[in-house]
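Peer 1: My structure is stored as model32.txt, with compact mmCIF, C-alpha atoms and all ligand atoms.
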```txt
# COMPACT_ATOMS: atom_id res chain seq x y z
CA PRO A 1382 46.89 41.95 -31.84
CA TYR A 1383 44.72 41.01 -28.90
CA ASN A 1384 45.17 42.96 -25.69
CA GLY A 1385 42.31 41.48 -23.71
CA LEU A 1386 42.14 38.98 -20.89
CA SER A 1387 44.01 35.70 -21.14
CA ALA A 1388 42.16 32.37 -21.18
CA ALA A 1389 43.15 31.79 -17.56
CA ASP A 1390 41.80 35.17 -16.43
CA ILE A 1391 38.53 34.65 -18.30
CA MET A 1392 38.19 31.21 -16.74
CA LYS A 1393 38.64 32.72 -13.29
CA LYS A 1394 35.86 35.24 -13.93
CA ARG A 1395 33.68 32.61 -15.51
CA LEU A 1396 33.99 30.37 -12.46
CA GLU A 1397 33.08 33.21 -10.16
CA PHE A 1398 30.46 35.15 -12.12
CA LEU A 1399 28.95 32.85 -14.72
CA SER A 1400 26.67 29.85 -14.62
CA PRO A 1401 28.31 26.83 -12.97
CA SER A 1402 26.55 24.68 -15.57
CA LEU A 1403 28.62 25.99 -18.50
CA PHE A 1404 30.91 23.35 -19.96
CA CYS A 1405 34.09 23.21 -22.01
CA PHE A 1406 35.19 20.40 -24.30
CA TYR A 1407 38.88 21.05 -23.95
CA LYS A 1408 41.35 20.39 -21.14
CA LYS A 1409 42.90 23.73 -21.97
CA PRO A 1410 39.86 25.89 -22.80
CA LEU A 1411 40.09 27.86 -26.00
CA ASN A 1412 39.79 31.64 -25.88
CA VAL A 1413 38.38 32.53 -29.29
CA VAL A 1414 39.16 36.09 -30.22
CA ASP A 1415 38.61 36.45 -33.96
CA GLY A 1416 36.74 34.61 -36.68
CA LYS A 1417 37.12 34.69 -40.43
CA MET A 1418 35.09 32.36 -42.67
CA GLN A 1419 36.02 28.76 -41.71
CA TYR A 1420 38.71 29.85 -39.25
CA LEU A 1421 38.84 30.89 -35.61
CA PHE A 1422 41.82 32.55 -33.94
CA ASP A 1423 42.87 32.36 -30.31
CA GLU A 1424 44.49 34.99 -28.09
CA ASP A 1425 47.93 34.22 -29.51
CA GLY A 1426 46.73 34.56 -33.09
CA ARG A 1427 46.82 30.78 -33.58
CA ARG A 1428 44.48 29.66 -36.35
CA TYR A 1429 41.97 26.81 -36.01
CA LEU A 1430 39.91 25.20 -38.73
CA ASP A 1431 36.37 25.38 -37.38
CA ALA A 1432 34.43 22.22 -38.16
CA PHE A 1433 31.97 22.92 -35.37
CA ALA A 1434 30.57 26.22 -36.56
CA GLY A 1435 27.30 24.31 -36.57
CA ILE A 1436 26.87 24.94 -32.86
CA ALA A 1437 25.94 28.52 -33.70
CA THR A 1438 25.30 27.40 -37.12
CA VAL A 1439 27.46 29.93 -38.73
CA CYS A 1440 26.58 28.93 -42.27
CA CYS A 1441 28.19 31.51 -44.57
CA GLY A 1442 31.41 31.62 -42.54
CA HIS A 1443 32.49 33.65 -39.52
CA CYS A 1444 32.11 37.41 -39.95
CA HIS A 1445 31.12 37.09 -43.60
CA PRO A 1446 31.70 40.64 -44.90
CA ASP A 1447 28.27 40.95 -46.59
CA VAL A 1448 26.45 39.92 -43.42
CA VAL A 1449 28.61 42.13 -41.21
CA GLU A 1450 28.00 45.08 -43.52
CA ALA A 1451 24.23 44.57 -43.50
CA ILE A 1452 24.22 44.40 -39.69
CA ILE A 1453 26.41 47.50 -39.30
CA ASN A 1454 24.41 49.55 -41.79
CA GLN A 1455 21.12 48.69 -40.13
CA THR A 1456 22.55 49.28 -36.64
CA LYS A 1457 23.66 52.76 -37.67
CA ARG A 1458 20.24 53.50 -39.03
CA LEU A 1459 17.86 51.97 -36.48
CA GLN A 1460 17.58 49.13 -34.02
CA HIS A 1461 14.23 48.84 -32.29
CA SER A 1462 11.26 46.57 -31.76
CA THR A 1463 8.93 46.19 -34.73
CA VAL A 1464 5.93 45.07 -32.69
CA VAL A 1465 4.05 48.36 -33.10
CA TYR A 1466 5.93 50.01 -35.99
CA LEU A 1467 6.52 49.23 -39.61
CA ASN A 1468 10.02 48.60 -40.90
CA HIS A 1469 11.10 47.26 -44.27
CA ALA A 1470 13.75 44.84 -42.95
CA ILE A 1471 11.31 42.43 -41.32
CA ALA A 1472 8.96 42.49 -44.32
CA ASP A 1473 11.75 41.93 -46.84
CA PHE A 1474 13.21 39.03 -44.91
CA ALA A 1475 9.83 37.37 -44.30
CA GLU A 1476 9.10 37.49 -48.04
CA ALA A 1477 12.51 36.07 -48.90
CA LEU A 1478 12.18 33.26 -46.35
CA ALA A 1479 8.69 32.37 -47.52
CA SER A 1480 10.05 32.01 -51.06
CA LYS A 1481 12.30 29.18 -49.82
CA MET A 1482 9.30 27.19 -48.52
CA PRO A 1483 7.16 24.58 -50.26
CA GLY A 1484 3.36 24.53 -50.36
CA ASP A 1485 1.37 27.12 -48.53
CA LEU A 1486 4.01 27.74 -45.88
CA LYS A 1487 4.35 31.49 -46.10
CA VAL A 1488 3.49 33.24 -42.84
CA VAL A 1489 6.57 34.00 -40.75
CA PHE A 1490 6.78 34.69 -37.00
CA PHE A 1491 10.21 35.80 -35.81
CA THR A 1492 11.71 34.81 -32.47
CA ASN A 1493 15.13 35.19 -30.83
CA SER A 1494 16.07 31.52 -30.54
CA GLY A 1495 15.27 27.97 -31.53
CA THR A 1496 13.69 27.29 -28.16
CA GLU A 1497 11.25 30.14 -28.61
CA ALA A 1498 10.44 29.00 -32.13
CA ASN A 1499 9.58 25.49 -30.95
CA GLU A 1500 7.55 26.79 -28.01
CA LEU A 1501 5.49 28.90 -30.40
CA ALA A 1502 5.12 26.10 -32.94
CA MET A 1503 3.82 23.64 -30.35
CA MET A 1504 1.47 26.23 -28.88
CA MET A 1505 0.04 26.92 -32.34
CA ALA A 1506 -0.42 23.20 -33.02
CA ARG A 1507 -2.27 22.81 -29.73
CA LEU A 1508 -4.46 25.83 -30.41
CA TYR A 1509 -5.24 24.86 -33.97
CA THR A 1510 -6.16 21.27 -33.16
CA GLY A 1511 -7.63 21.73 -29.70
CA SER A 1512 -5.54 18.72 -28.61
CA GLN A 1513 -2.74 18.83 -26.06
CA ASP A 1514 -0.81 15.69 -26.96
CA ILE A 1515 2.49 16.22 -28.74
CA ILE A 1516 4.68 13.36 -29.94
CA SER A 1517 8.43 13.77 -30.32
CA ILE A 1518 11.21 11.27 -30.99
CA ARG A 1519 13.54 9.84 -28.35
CA ASN A 1520 17.04 11.28 -28.56
CA SER A 1521 15.73 14.59 -29.93
CA TYR A 1522 16.66 18.08 -28.74
CA HIS A 1523 14.14 20.90 -29.14
CA GLY A 1524 15.09 23.51 -26.55
CA ASN A 1525 15.25 24.35 -22.88
CA ALA A 1526 12.02 26.14 -21.93
CA ALA A 1527 9.10 24.25 -20.39
CA GLY A 1528 7.42 22.94 -23.55
CA SER A 1529 10.52 22.40 -25.66
CA MET A 1530 12.38 20.73 -22.80
CA GLY A 1531 9.38 18.44 -22.41
CA ALA A 1532 9.59 17.58 -26.11
CA THR A 1533 13.35 17.05 -25.84
CA ALA A 1534 13.94 13.36 -25.22
CA GLN A 1535 17.36 12.89 -23.67
CA SER A 1536 17.76 12.80 -19.89
CA ASN A 1537 21.03 14.74 -20.30
CA TRP A 1538 19.10 17.90 -21.12
CA LYS A 1539 16.00 17.54 -18.98
CA PHE A 1540 15.57 19.08 -15.56
CA ASN A 1541 12.53 18.56 -13.38
CA VAL A 1542 10.20 19.43 -16.24
CA ILE A 1543 6.46 18.70 -16.30
CA GLN A 1544 5.95 16.12 -19.00
CA THR A 1545 2.18 16.44 -19.36
CA GLY A 1546 0.94 15.96 -22.88
CA VAL A 1547 4.23 14.82 -24.38
CA HIS A 1548 4.97 11.32 -25.67
CA HIS A 1549 8.32 10.11 -26.88
CA ALA A 1550 8.38 7.69 -29.78
CA LEU A 1551 10.97 5.07 -30.71
CA ASN A 1552 13.97 6.65 -32.40
CA PRO A 1553 14.30 5.46 -36.02
CA ASP A 1554 18.03 5.06 -35.33
CA GLN A 1555 19.71 3.35 -38.26
CA TYR A 1556 22.83 2.46 -36.26
CA ARG A 1557 21.51 1.09 -32.97
CA GLY A 1558 17.78 0.77 -33.63
CA VAL A 1559 16.07 -2.65 -33.60
CA PHE A 1560 14.59 -2.22 -37.09
CA GLY A 1561 17.78 -1.01 -38.79
CA SER A 1562 16.91 1.31 -41.67
CA ASP A 1563 13.27 0.23 -42.02
CA GLY A 1564 11.53 3.55 -41.31
CA ALA A 1565 8.00 2.21 -41.70
CA LYS A 1566 8.51 -0.24 -38.80
CA TYR A 1567 9.60 2.49 -36.40
CA ALA A 1568 6.67 4.64 -37.57
CA LYS A 1569 4.23 2.06 -36.17
CA ASP A 1570 5.28 3.13 -32.69
CA VAL A 1571 3.81 6.59 -33.34
CA GLN A 1572 0.54 5.01 -34.43
CA GLU A 1573 0.56 2.91 -31.25
CA ILE A 1574 1.16 5.98 -29.08
CA ILE A 1575 -1.85 7.61 -30.75
CA ASP A 1576 -3.96 4.46 -30.31
CA PHE A 1577 -2.96 3.54 -26.78
CA GLY A 1578 -1.57 6.72 -25.23
CA THR A 1579 -4.03 9.41 -26.31
CA SER A 1580 -7.73 9.97 -26.99
CA GLY A 1581 -7.00 9.16 -30.59
CA ARG A 1582 -6.62 12.85 -31.41
CA VAL A 1583 -3.29 14.64 -31.12
CA GLY A 1584 -1.98 18.19 -31.31
CA GLY A 1585 1.06 17.31 -33.33
CA PHE A 1586 4.41 15.73 -33.95
CA ILE A 1587 7.78 17.47 -33.82
CA SER A 1588 11.09 16.16 -35.13
CA GLU A 1589 14.44 17.01 -36.60
CA ALA A 1590 15.14 15.15 -39.85
CA ILE A 1591 18.74 14.80 -38.70
CA GLN A 1592 19.13 14.87 -34.91
CA GLY A 1593 21.97 17.27 -34.17
CA VAL A 1594 22.56 17.22 -30.41
CA GLY A 1595 21.54 13.56 -30.56
CA GLY A 1596 24.67 12.76 -32.56
CA ILE A 1597 23.86 13.44 -36.24
CA MET A 1598 21.24 10.72 -36.55
CA GLU A 1599 19.36 10.85 -39.83
CA LEU A 1600 15.87 9.40 -39.41
CA ALA A 1601 15.47 6.08 -41.23
CA PRO A 1602 14.02 6.49 -44.76
CA GLY A 1603 10.28 6.01 -44.99
CA TYR A 1604 9.75 7.04 -41.37
CA LEU A 1605 8.55 10.63 -41.78
CA PRO A 1606 6.01 9.99 -44.58
CA ALA A 1607 4.40 7.19 -42.54
CA VAL A 1608 4.38 9.22 -39.31
CA TYR A 1609 2.99 12.35 -41.00
CA LYS A 1610 0.14 10.19 -42.31
CA SER A 1611 -0.67 8.80 -38.85
CA ILE A 1612 -0.48 12.23 -37.23
CA ARG A 1613 -2.72 13.88 -39.81
CA LYS A 1614 -5.24 11.06 -39.53
CA ALA A 1615 -5.37 11.82 -35.80
CA GLY A 1616 -6.01 15.51 -36.55
CA GLY A 1617 -2.49 16.64 -35.62
CA LEU A 1618 -0.01 19.01 -37.22
CA CYS A 1619 3.50 18.05 -38.29
CA ILE A 1620 6.31 20.32 -37.12
CA ALA A 1621 9.78 20.19 -38.68
CA ASP A 1622 12.57 21.46 -36.44
CA GLU A 1623 15.16 22.83 -38.88
CA VAL A 1624 17.11 24.72 -36.24
CA GLN A 1625 20.29 22.81 -36.85
CA SER A 1626 19.77 21.07 -40.16
CA GLY A 1627 18.16 23.87 -42.19
CA PHE A 1628 19.63 26.57 -44.40
CA ALA A 1629 21.32 24.39 -47.00
CA ARG A 1630 23.56 22.56 -44.50
CA THR A 1631 22.48 19.13 -45.76
CA GLY A 1632 23.56 20.07 -49.28
CA SER A 1633 21.08 17.92 -51.17
CA HIS A 1634 18.24 20.22 -50.07
CA PHE A 1635 17.71 23.60 -48.48
CA TRP A 1636 15.60 22.07 -45.67
CA SER A 1637 16.42 18.66 -44.25
CA PHE A 1638 12.78 17.47 -44.28
CA GLU A 1639 12.80 17.73 -48.08
CA ALA A 1640 15.04 14.66 -48.33
CA HIS A 1641 12.14 12.66 -46.86
CA GLY A 1642 9.55 13.84 -49.38
CA VAL A 1643 7.26 15.43 -46.78
CA VAL A 1644 5.78 18.89 -46.41
CA PRO A 1645 5.30 19.94 -42.77
CA ASP A 1646 2.52 22.17 -41.45
CA ILE A 1647 4.91 24.23 -39.36
CA VAL A 1648 8.68 24.72 -39.77
CA THR A 1649 10.93 26.12 -37.04
CA MET A 1650 14.41 27.52 -37.56
CA ALA A 1651 17.21 29.42 -35.78
CA LYS A 1652 21.03 29.22 -35.72
CA GLY A 1653 21.96 29.26 -39.43
CA ILE A 1654 19.24 31.77 -40.22
CA GLY A 1655 21.42 34.58 -38.82
CA ASN A 1656 24.96 33.26 -39.35
CA GLY A 1657 25.62 33.64 -35.65
CA ILE A 1658 23.30 36.47 -34.63
CA PRO A 1659 20.34 35.59 -32.39
CA ILE A 1660 17.24 35.10 -34.50
CA GLY A 1661 14.73 32.31 -35.00
CA ALA A 1662 11.50 31.87 -36.93
CA VAL A 1663 8.34 29.83 -37.26
CA ILE A 1664 6.79 29.47 -40.70
CA THR A 1665 3.32 28.11 -41.23
CA THR A 1666 0.24 28.41 -43.41
CA PRO A 1667 -2.13 31.42 -43.29
CA GLU A 1668 -4.86 29.19 -41.90
CA ILE A 1669 -2.77 27.92 -38.96
CA ALA A 1670 -1.28 31.38 -38.36
CA GLU A 1671 -4.81 32.68 -37.69
CA VAL A 1672 -4.85 31.02 -34.24
CA LEU A 1673 -2.62 33.78 -32.88
CA THR A 1674 -5.33 36.39 -33.51
CA ARG A 1675 -7.43 34.84 -30.73
CA ARG A 1676 -5.35 36.71 -28.15
CA SER A 1677 -2.60 39.32 -28.34
CA TYR A 1678 0.78 37.89 -29.24
CA PHE A 1679 4.12 39.60 -29.60
CA ASN A 1680 7.83 39.09 -29.13
CA THR A 1681 9.72 42.35 -28.36
CA PHE A 1682 12.85 41.67 -30.35
CA GLY A 1683 11.57 38.93 -32.64
CA GLY A 1684 12.16 40.26 -36.15
CA ASN A 1685 14.07 43.36 -35.07
CA PRO A 1686 15.61 45.38 -37.94
CA VAL A 1687 19.25 44.46 -37.27
CA CYS A 1688 18.70 40.70 -37.09
CA THR A 1689 16.36 40.58 -40.07
CA ALA A 1690 18.71 42.73 -42.17
CA GLY A 1691 21.44 40.25 -41.25
CA GLY A 1692 19.18 37.32 -42.07
CA LEU A 1693 18.38 38.66 -45.51
CA ALA A 1694 22.10 39.10 -46.17
CA VAL A 1695 22.65 35.46 -45.16
CA LEU A 1696 20.09 34.24 -47.70
CA ARG A 1697 21.70 36.35 -50.42
CA VAL A 1698 25.17 35.03 -49.60
CA LEU A 1699 23.91 31.43 -49.68
CA GLU A 1700 22.58 32.07 -53.17
CA LYS A 1701 25.40 34.26 -54.50
CA GLU A 1702 28.13 31.85 -53.38
CA ARG A 1703 26.12 28.72 -54.24
CA LEU A 1704 26.78 27.41 -50.77
CA GLN A 1705 24.16 24.65 -50.90
CA GLU A 1706 25.94 23.16 -53.89
CA ASN A 1707 29.26 23.54 -52.08
CA ALA A 1708 27.83 21.82 -48.99
CA PHE A 1709 26.76 18.95 -51.23
CA VAL A 1710 30.03 18.57 -53.14
CA VAL A 1711 32.43 19.16 -50.25
CA GLY A 1712 30.20 17.28 -47.78
CA SER A 1713 30.05 14.19 -50.03
CA TYR A 1714 33.83 14.29 -50.43
CA LEU A 1715 34.36 14.69 -46.69
CA LYS A 1716 31.97 11.85 -45.91
CA ASP A 1717 33.81 9.57 -48.36
CA ARG A 1718 37.12 10.42 -46.76
CA LEU A 1719 35.70 9.78 -43.27
CA LYS A 1720 34.36 6.43 -44.50
CA GLY A 1721 37.89 5.67 -45.66
CA LEU A 1722 39.11 6.44 -42.17
CA GLN A 1723 36.54 4.00 -40.79
CA GLU A 1724 38.19 1.21 -42.79
CA LYS A 1725 41.50 2.02 -41.16
CA HIS A 1726 40.39 2.56 -37.55
CA ASP A 1727 38.25 -0.04 -35.76
CA ILE A 1728 37.21 2.56 -33.23
CA ILE A 1729 35.04 4.28 -35.86
CA GLY A 1730 31.74 2.42 -35.62
CA ASP A 1731 29.70 4.62 -37.94
CA VAL A 1732 30.03 7.54 -40.34
CA ARG A 1733 26.75 9.23 -41.23
CA GLY A 1734 24.93 12.38 -42.17
CA ARG A 1735 24.45 14.59 -45.18
CA GLY A 1736 26.19 17.59 -46.65
CA VAL A 1737 28.21 19.35 -43.99
CA MET A 1738 26.23 17.79 -41.15
CA LEU A 1739 28.27 14.66 -40.50
CA GLY A 1740 28.71 12.33 -37.55
CA VAL A 1741 31.55 9.97 -36.68
CA GLU A 1742 30.63 7.57 -33.88
CA LEU A 1743 33.46 6.09 -31.82
CA VAL A 1744 33.00 2.67 -30.20
CA THR A 1745 35.48 0.43 -28.40
CA ASP A 1746 33.77 -2.67 -29.79
CA ARG A 1747 32.08 -2.68 -33.20
CA GLN A 1748 29.81 -5.63 -32.33
CA LEU A 1749 28.65 -4.36 -28.95
CA LYS A 1750 28.82 -0.71 -30.07
CA THR A 1751 30.29 0.26 -26.71
CA PRO A 1752 30.59 4.07 -26.64
CA ALA A 1753 34.22 5.24 -26.65
CA LYS A 1754 33.58 8.11 -24.24
CA SER A 1755 37.04 8.87 -22.93
CA GLU A 1756 38.77 8.11 -26.24
CA ILE A 1757 36.71 10.72 -28.05
CA LEU A 1758 37.72 13.43 -25.58
CA HIS A 1759 41.34 12.52 -26.01
CA VAL A 1760 41.12 12.63 -29.81
CA MET A 1761 39.21 15.90 -29.70
CA ASN A 1762 41.87 17.53 -27.55
CA GLN A 1763 44.61 16.22 -29.81
CA MET A 1764 42.83 17.56 -32.87
CA LYS A 1765 42.50 20.96 -31.25
CA GLU A 1766 46.22 20.99 -30.53
CA MET A 1767 46.76 20.30 -34.23
CA GLY A 1768 44.46 23.18 -35.18
CA VAL A 1769 41.13 21.50 -35.95
CA LEU A 1770 37.91 21.97 -33.97
CA VAL A 1771 35.14 19.39 -34.15
CA GLY A 1772 32.07 19.04 -31.94
CA LYS A 1773 30.84 16.18 -29.85
CA GLY A 1774 27.36 14.86 -29.16
CA GLY A 1775 25.04 11.90 -28.98
CA PHE A 1776 23.40 10.50 -25.87
CA TYR A 1777 26.65 8.82 -24.81
CA GLY A 1778 28.82 11.75 -25.88
CA ASN A 1779 30.82 9.54 -28.25
CA VAL A 1780 29.97 11.05 -31.64
CA PHE A 1781 32.05 13.65 -33.43
CA ARG A 1782 29.80 16.32 -34.86
CA VAL A 1783 31.42 17.62 -38.01
CA THR A 1784 29.42 20.71 -38.92
CA PRO A 1785 31.68 23.27 -40.57
CA PRO A 1786 30.47 26.45 -42.25
CA LEU A 1787 29.14 25.88 -45.77
CA CYS A 1788 32.19 27.59 -47.28
CA PHE A 1789 34.35 24.59 -46.25
CA THR A 1790 36.66 23.35 -49.03
CA LYS A 1791 38.06 19.99 -50.13
CA GLU A 1792 41.46 21.07 -48.82
CA ASP A 1793 39.91 21.82 -45.44
CA SER A 1794 38.30 18.36 -45.52
CA ASP A 1795 41.65 16.72 -46.26
CA PHE A 1796 43.29 18.59 -43.42
CA LEU A 1797 40.51 17.63 -41.00
CA VAL A 1798 40.61 13.94 -41.96
CA ASP A 1799 44.42 13.78 -41.86
CA VAL A 1800 44.44 15.35 -38.42
CA MET A 1801 41.71 12.99 -37.18
CA ASP A 1802 43.67 10.08 -38.67
CA LEU A 1803 46.83 11.09 -36.83
CA ALA A 1804 45.01 11.65 -33.53
CA LEU A 1805 43.28 8.25 -33.82
CA SER A 1806 46.56 6.55 -34.70
CA ARG A 1807 48.11 7.91 -31.51
CA LEU A 1808 45.38 6.52 -29.25
N1 LIG B 1 16.20 22.58 -31.93
C1 LIG B 1 17.35 22.00 -32.28
C2 LIG B 1 17.32 20.90 -33.29
C3 LIG B 1 18.57 22.41 -31.72
O1 LIG B 1 19.70 21.82 -32.07
C4 LIG B 1 18.56 23.47 -30.78
C5 LIG B 1 19.84 23.98 -30.13
N2 LIG B 1 20.88 23.09 -30.05
C6 LIG B 1 17.32 24.05 -30.44
C7 LIG B 1 16.18 23.59 -31.05
C8 LIG B 1 17.24 25.17 -29.45
O2 LIG B 1 17.77 26.32 -30.00
P1 LIG B 1 18.30 27.52 -29.07
O3 LIG B 1 19.51 27.02 -28.33
O4 LIG B 1 18.58 28.63 -30.04
O5 LIG B 1 17.19 27.86 -28.15
```
Just give me the structure of the file as C-alpha cells.
Ligand code: PMP

Peer 2:
Amino acid sequence: PYNGLSAADIMKKRLEFLSPSLFCFYKKPLNVVDGKMQYLFDEDGRRYLDAFAGIATVCCGHCHPDVVEAIINQTKRLQHSTVVYLNHAIADFAEALASKMPGDLKVVFFTNSGTEANELAMMMARLYTGSQDIISIRNSYHGNAAGSMGATAQSNWKFNVIQTGVHHALNPDQYRGVFGSDGAKYAKDVQEIIDFGTSGRVGGFISEAIQGVGGIMELAPGYLPAVYKSIRKAGGLCIADEVQSGFARTGSHFWSFEAHGVVPDIVTMAKGIGNGIPIGAVITTPEIAEVLTRRSYFNTFGGNPVCTAGGLAVLRVLEKERLQENAFVVGSYLKDRLKGLQEKHDIIGDVRGRGVMLGVELVTDRQLKTPAKSEILHVMNQMKEMGVLVGKGGFYGNVFRVTPPLCFTKEDSDFLVDVMDLALSRL
C-alpha cells in the first residue's frame, strides 16, 4: 500500500517548487508509485501496461531483480567517484561494453547522461580533426547543453543557443521527405553542405539511425553509407547517437546503426544502458581517445561503481533472457498488428520503426498528411484510462511512440493494439 502524497498534492508542490517548464501528457497526471517489468502502478494500485518505458529506456523491465540486486550490493559496498581510484566495476563494464562493439571501437568514457555523452563525442571529433564544423540532421534530438542543443534540429527544443559551427542537413524522412525512401538523394545535401557551407573540411557528423524524439523516423536506406563516405572524405568523424535506439531495442541488431551497414568512429549511449539509472557512455577507437590526453579530463560520477555495476547487470540480463530476440519477434508482431489497425483507421497515416521502437503517425488527411495534434492527445488519454501508456513525439507532436521494455510479450501487444483500436473508434 502507498501512504505517500496524492497526485493532486504532488502537483501542487510541483507547481510551486519545480521547474515551470515540466510537462505532462495527461489531463489527469499519473502518479507512478511502483514498477515491475512492463507494468507501472499508480497510487491506488492500478496497473498500467508501460509502452513508453523508452523515455528512460528501461530495457530489461522496471526494477528487474538482477539489476536491482547488483545496484543494492554495490551501494552497500561502496559508492564513490572513480576518477582517482581503481575499482573493478568500471573496468568490468567497460570491457563488456567494448565486446558489443564492431571494429576498433573499444575505449569507453562514462558520463551521467546522453547530453554529456554527445557533448564529449563532438568535442573529441573537433579535437581529433582540428575542424569545428559539425553536421547533424534536421528533426534530430541530441541533448540540451550548448553543443548538443546546437546539434539538435527542432525548434521545439532549442533555446537561444549559439549555432556556430553546426549545419543541419535535409532529413531523410521516408514519410514526408521529397525523395521518399531514396537515401542516396538525401545524402547529397550533406555533400553540398560540405562543399558550400564549410572550408571543405569538417569535424564530423552526428545522427540517430532512428530519430526518437523526432517521432520514430528511421533514416532512409542508403543514406548513412553515402553520408559517412562524404564526411570521411572531408576529414570528419562519424558519430552514432544510440541513446534511444541502442541496447537491442531495434531487435534486428544490438545497435541501430548496424542495420545500415556502417561502422561509426564514435558511438554515444545512455538511457537503456542503465535500465533507468543515470549513466551514459562514449565509445571510440584508441587513436581518437588519445585526444583527451592533451589536457586533463574527468567526470566526477561518470562510471561510478553503482551505475557501472547496474550497467553490467543490464547487459547480462539482455543476454540471459535473449531480449534482443524477443524485441525482434514481439516487435515484428506488434508492428504487423499496428499496420492492420492502419487499414481500419484512416487517421493512421504511417506505421514505422523496428523492434520495440515503433511509431504510429496520426493525420487528419492522408493526402495532405495534416498532423492530428488534438486527436492524438485525446486517444492517449483514453488509452491511459484503459490502462495502457504510450508516448508521443515528432515535430508536430502527432506520433505515438511505442517503446515498451524489451520483455514485452505478444499478449501485451494484443492488449495495446486492442485498446488503441477502441480509443480510435471512439474519436
Ligand atoms: N540523444 C537522443 C537520441 C535522445 O533521445 C536523448 C534524450 N531524449 C538525448 C540524446 C539526451 O539524453 P539525456 O536526456 O540523457 O541527456

Peer 1: Per residue of chain A within 7 Å of ligand LIG 1 (chain B), note the shortest atom pair and the distance in Å to one decimal, counting only C-alpha atoms and all ligand atoms, and order the rows by chain and increasing residue number, as CSV.

Peer 2:
```
residue,atom,partner,partner_atom,distance
A:Ile1436,CA,B:LIG1,N2,6.9
A:Ser1494,CA,B:LIG1,O4,3.9
A:Gly1495,CA,B:LIG1,O2,3.4
A:Thr1496,CA,B:LIG1,O5,3.5
A:Glu1497,CA,B:LIG1,O5,6.4
A:Asn1499,CA,B:LIG1,C7,6.9
A:Tyr1522,CA,B:LIG1,C1,5.3
A:His1523,CA,B:LIG1,N1,3.9
A:Gly1524,CA,B:LIG1,C8,4.0
A:Asn1525,CA,B:LIG1,O5,6.6
A:Glu1589,CA,B:LIG1,C2,5.9
A:Gln1592,CA,B:LIG1,C2,6.5
A:Gly1593,CA,B:LIG1,O1,5.5
A:Val1594,CA,B:LIG1,O1,5.7
A:Asp1622,CA,B:LIG1,C2,5.7
A:Glu1623,CA,B:LIG1,C2,6.3
A:Val1624,CA,B:LIG1,C1,4.8
A:Gln1625,CA,B:LIG1,O1,4.9
A:Ala1651,CA,B:LIG1,O4,6.0
A:Lys1652,CA,B:LIG1,O4,6.2
```

Peer 1: Please identify all polymer residues within 12 Å of A:Glu1792, counting only C-alpha atoms, omitting same-chain residues fewer than 3 positions from it, and present them as a PDB file with C-alpha atoms, in the coordinates of the input.

Peer 2:
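Written output follows (selection-v8.pdb):
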```
ATOM      1  CA  GLN A1419      36.020  28.760 -41.710  1.00  0.00           C
ATOM      2  CA  LEU A1430      39.910  25.200 -38.730  1.00  0.00           C
ATOM      3  CA  VAL A1711      32.430  19.160 -50.250  1.00  0.00           C
ATOM      4  CA  GLY A1712      30.200  17.280 -47.780  1.00  0.00           C
ATOM      5  CA  TYR A1714      33.830  14.290 -50.430  1.00  0.00           C
ATOM      6  CA  LEU A1715      34.360  14.690 -46.690  1.00  0.00           C
ATOM      7  CA  ARG A1718      37.120  10.420 -46.760  1.00  0.00           C
ATOM      8  CA  CYS A1788      32.190  27.590 -47.280  1.00  0.00           C
ATOM      9  CA  PHE A1789      34.350  24.590 -46.250  1.00  0.00           C
ATOM     10  CA  ASP A1795      41.650  16.720 -46.260  1.00  0.00           C
ATOM     11  CA  PHE A1796      43.290  18.590 -43.420  1.00  0.00           C
ATOM     12  CA  LEU A1797      40.510  17.630 -41.000  1.00  0.00           C
ATOM     13  CA  VAL A1798      40.610  13.940 -41.960  1.00  0.00           C
ATOM     14  CA  ASP A1799      44.420  13.780 -41.860  1.00  0.00           C
TER      15      ASP A1799
END
```

Peer 1: Rank nothing, just name the residue among A:Leu1605, A:Leu1459, A:Ile1654, A:Val1414 nearest to A:Gly1692, using all atoms listed in the file.

Peer 2: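 With all atoms listed in the file as the atom set, the closest residue is A:Ile1654.
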
Peer 1: Please compute the atom CA of A:Arg1630-atom CA of A:Tyr1429 distance, one decimal, in Å.

Peer 2: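 Going from atom CA of A:Arg1630 over to atom CA of A:Tyr1429, I get 20.7 Å.
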
Peer 1: Work out how far apart atom CA of A:Phe1422 and atom CA of A:Val1448 are and give it in Å to one decimal.

Peer 2: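 Between atom CA of A:Phe1422 and atom CA of A:Val1448 the gap is 19.5 Å.
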
Peer 1: Output as JSON lines one row per residue of stretch 1674-1698 of chain A within 9 Å of stretch 1472-1490 of chain A: the closest atom pair and its distance in Å to one decimal place, counting only C-alpha atoms, sorted by chain and residue number ascending.

Peer 2:
```
{"residue": "A:Gly1683", "atom": "CA", "partner": "A:Phe1490", "partner_atom": "CA", "distance": 7.7}
{"residue": "A:Gly1684", "atom": "CA", "partner": "A:Phe1490", "partner_atom": "CA", "distance": 7.8}
{"residue": "A:Thr1689", "atom": "CA", "partner": "A:Phe1474", "partner_atom": "CA", "distance": 6.0}
{"residue": "A:Ala1690", "atom": "CA", "partner": "A:Phe1474", "partner_atom": "CA", "distance": 7.2}
{"residue": "A:Gly1692", "atom": "CA", "partner": "A:Phe1474", "partner_atom": "CA", "distance": 6.8}
{"residue": "A:Leu1693", "atom": "CA", "partner": "A:Phe1474", "partner_atom": "CA", "distance": 5.2}
{"residue": "A:Ala1694", "atom": "CA", "partner": "A:Phe1474", "partner_atom": "CA", "distance": 9.0}
{"residue": "A:Leu1696", "atom": "CA", "partner": "A:Ala1477", "partner_atom": "CA", "distance": 7.9}
```

Peer 1: Check the smallest atom-to-atom distance from each of A:Gln1748, A:Ser1462, A:Thr1790, A:Ser1536 to A:Pro1686 using all atoms listed in the file, then report the winner.

Peer 2: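 Result for the nearest residue to A:Pro1686: A:Ser1462.
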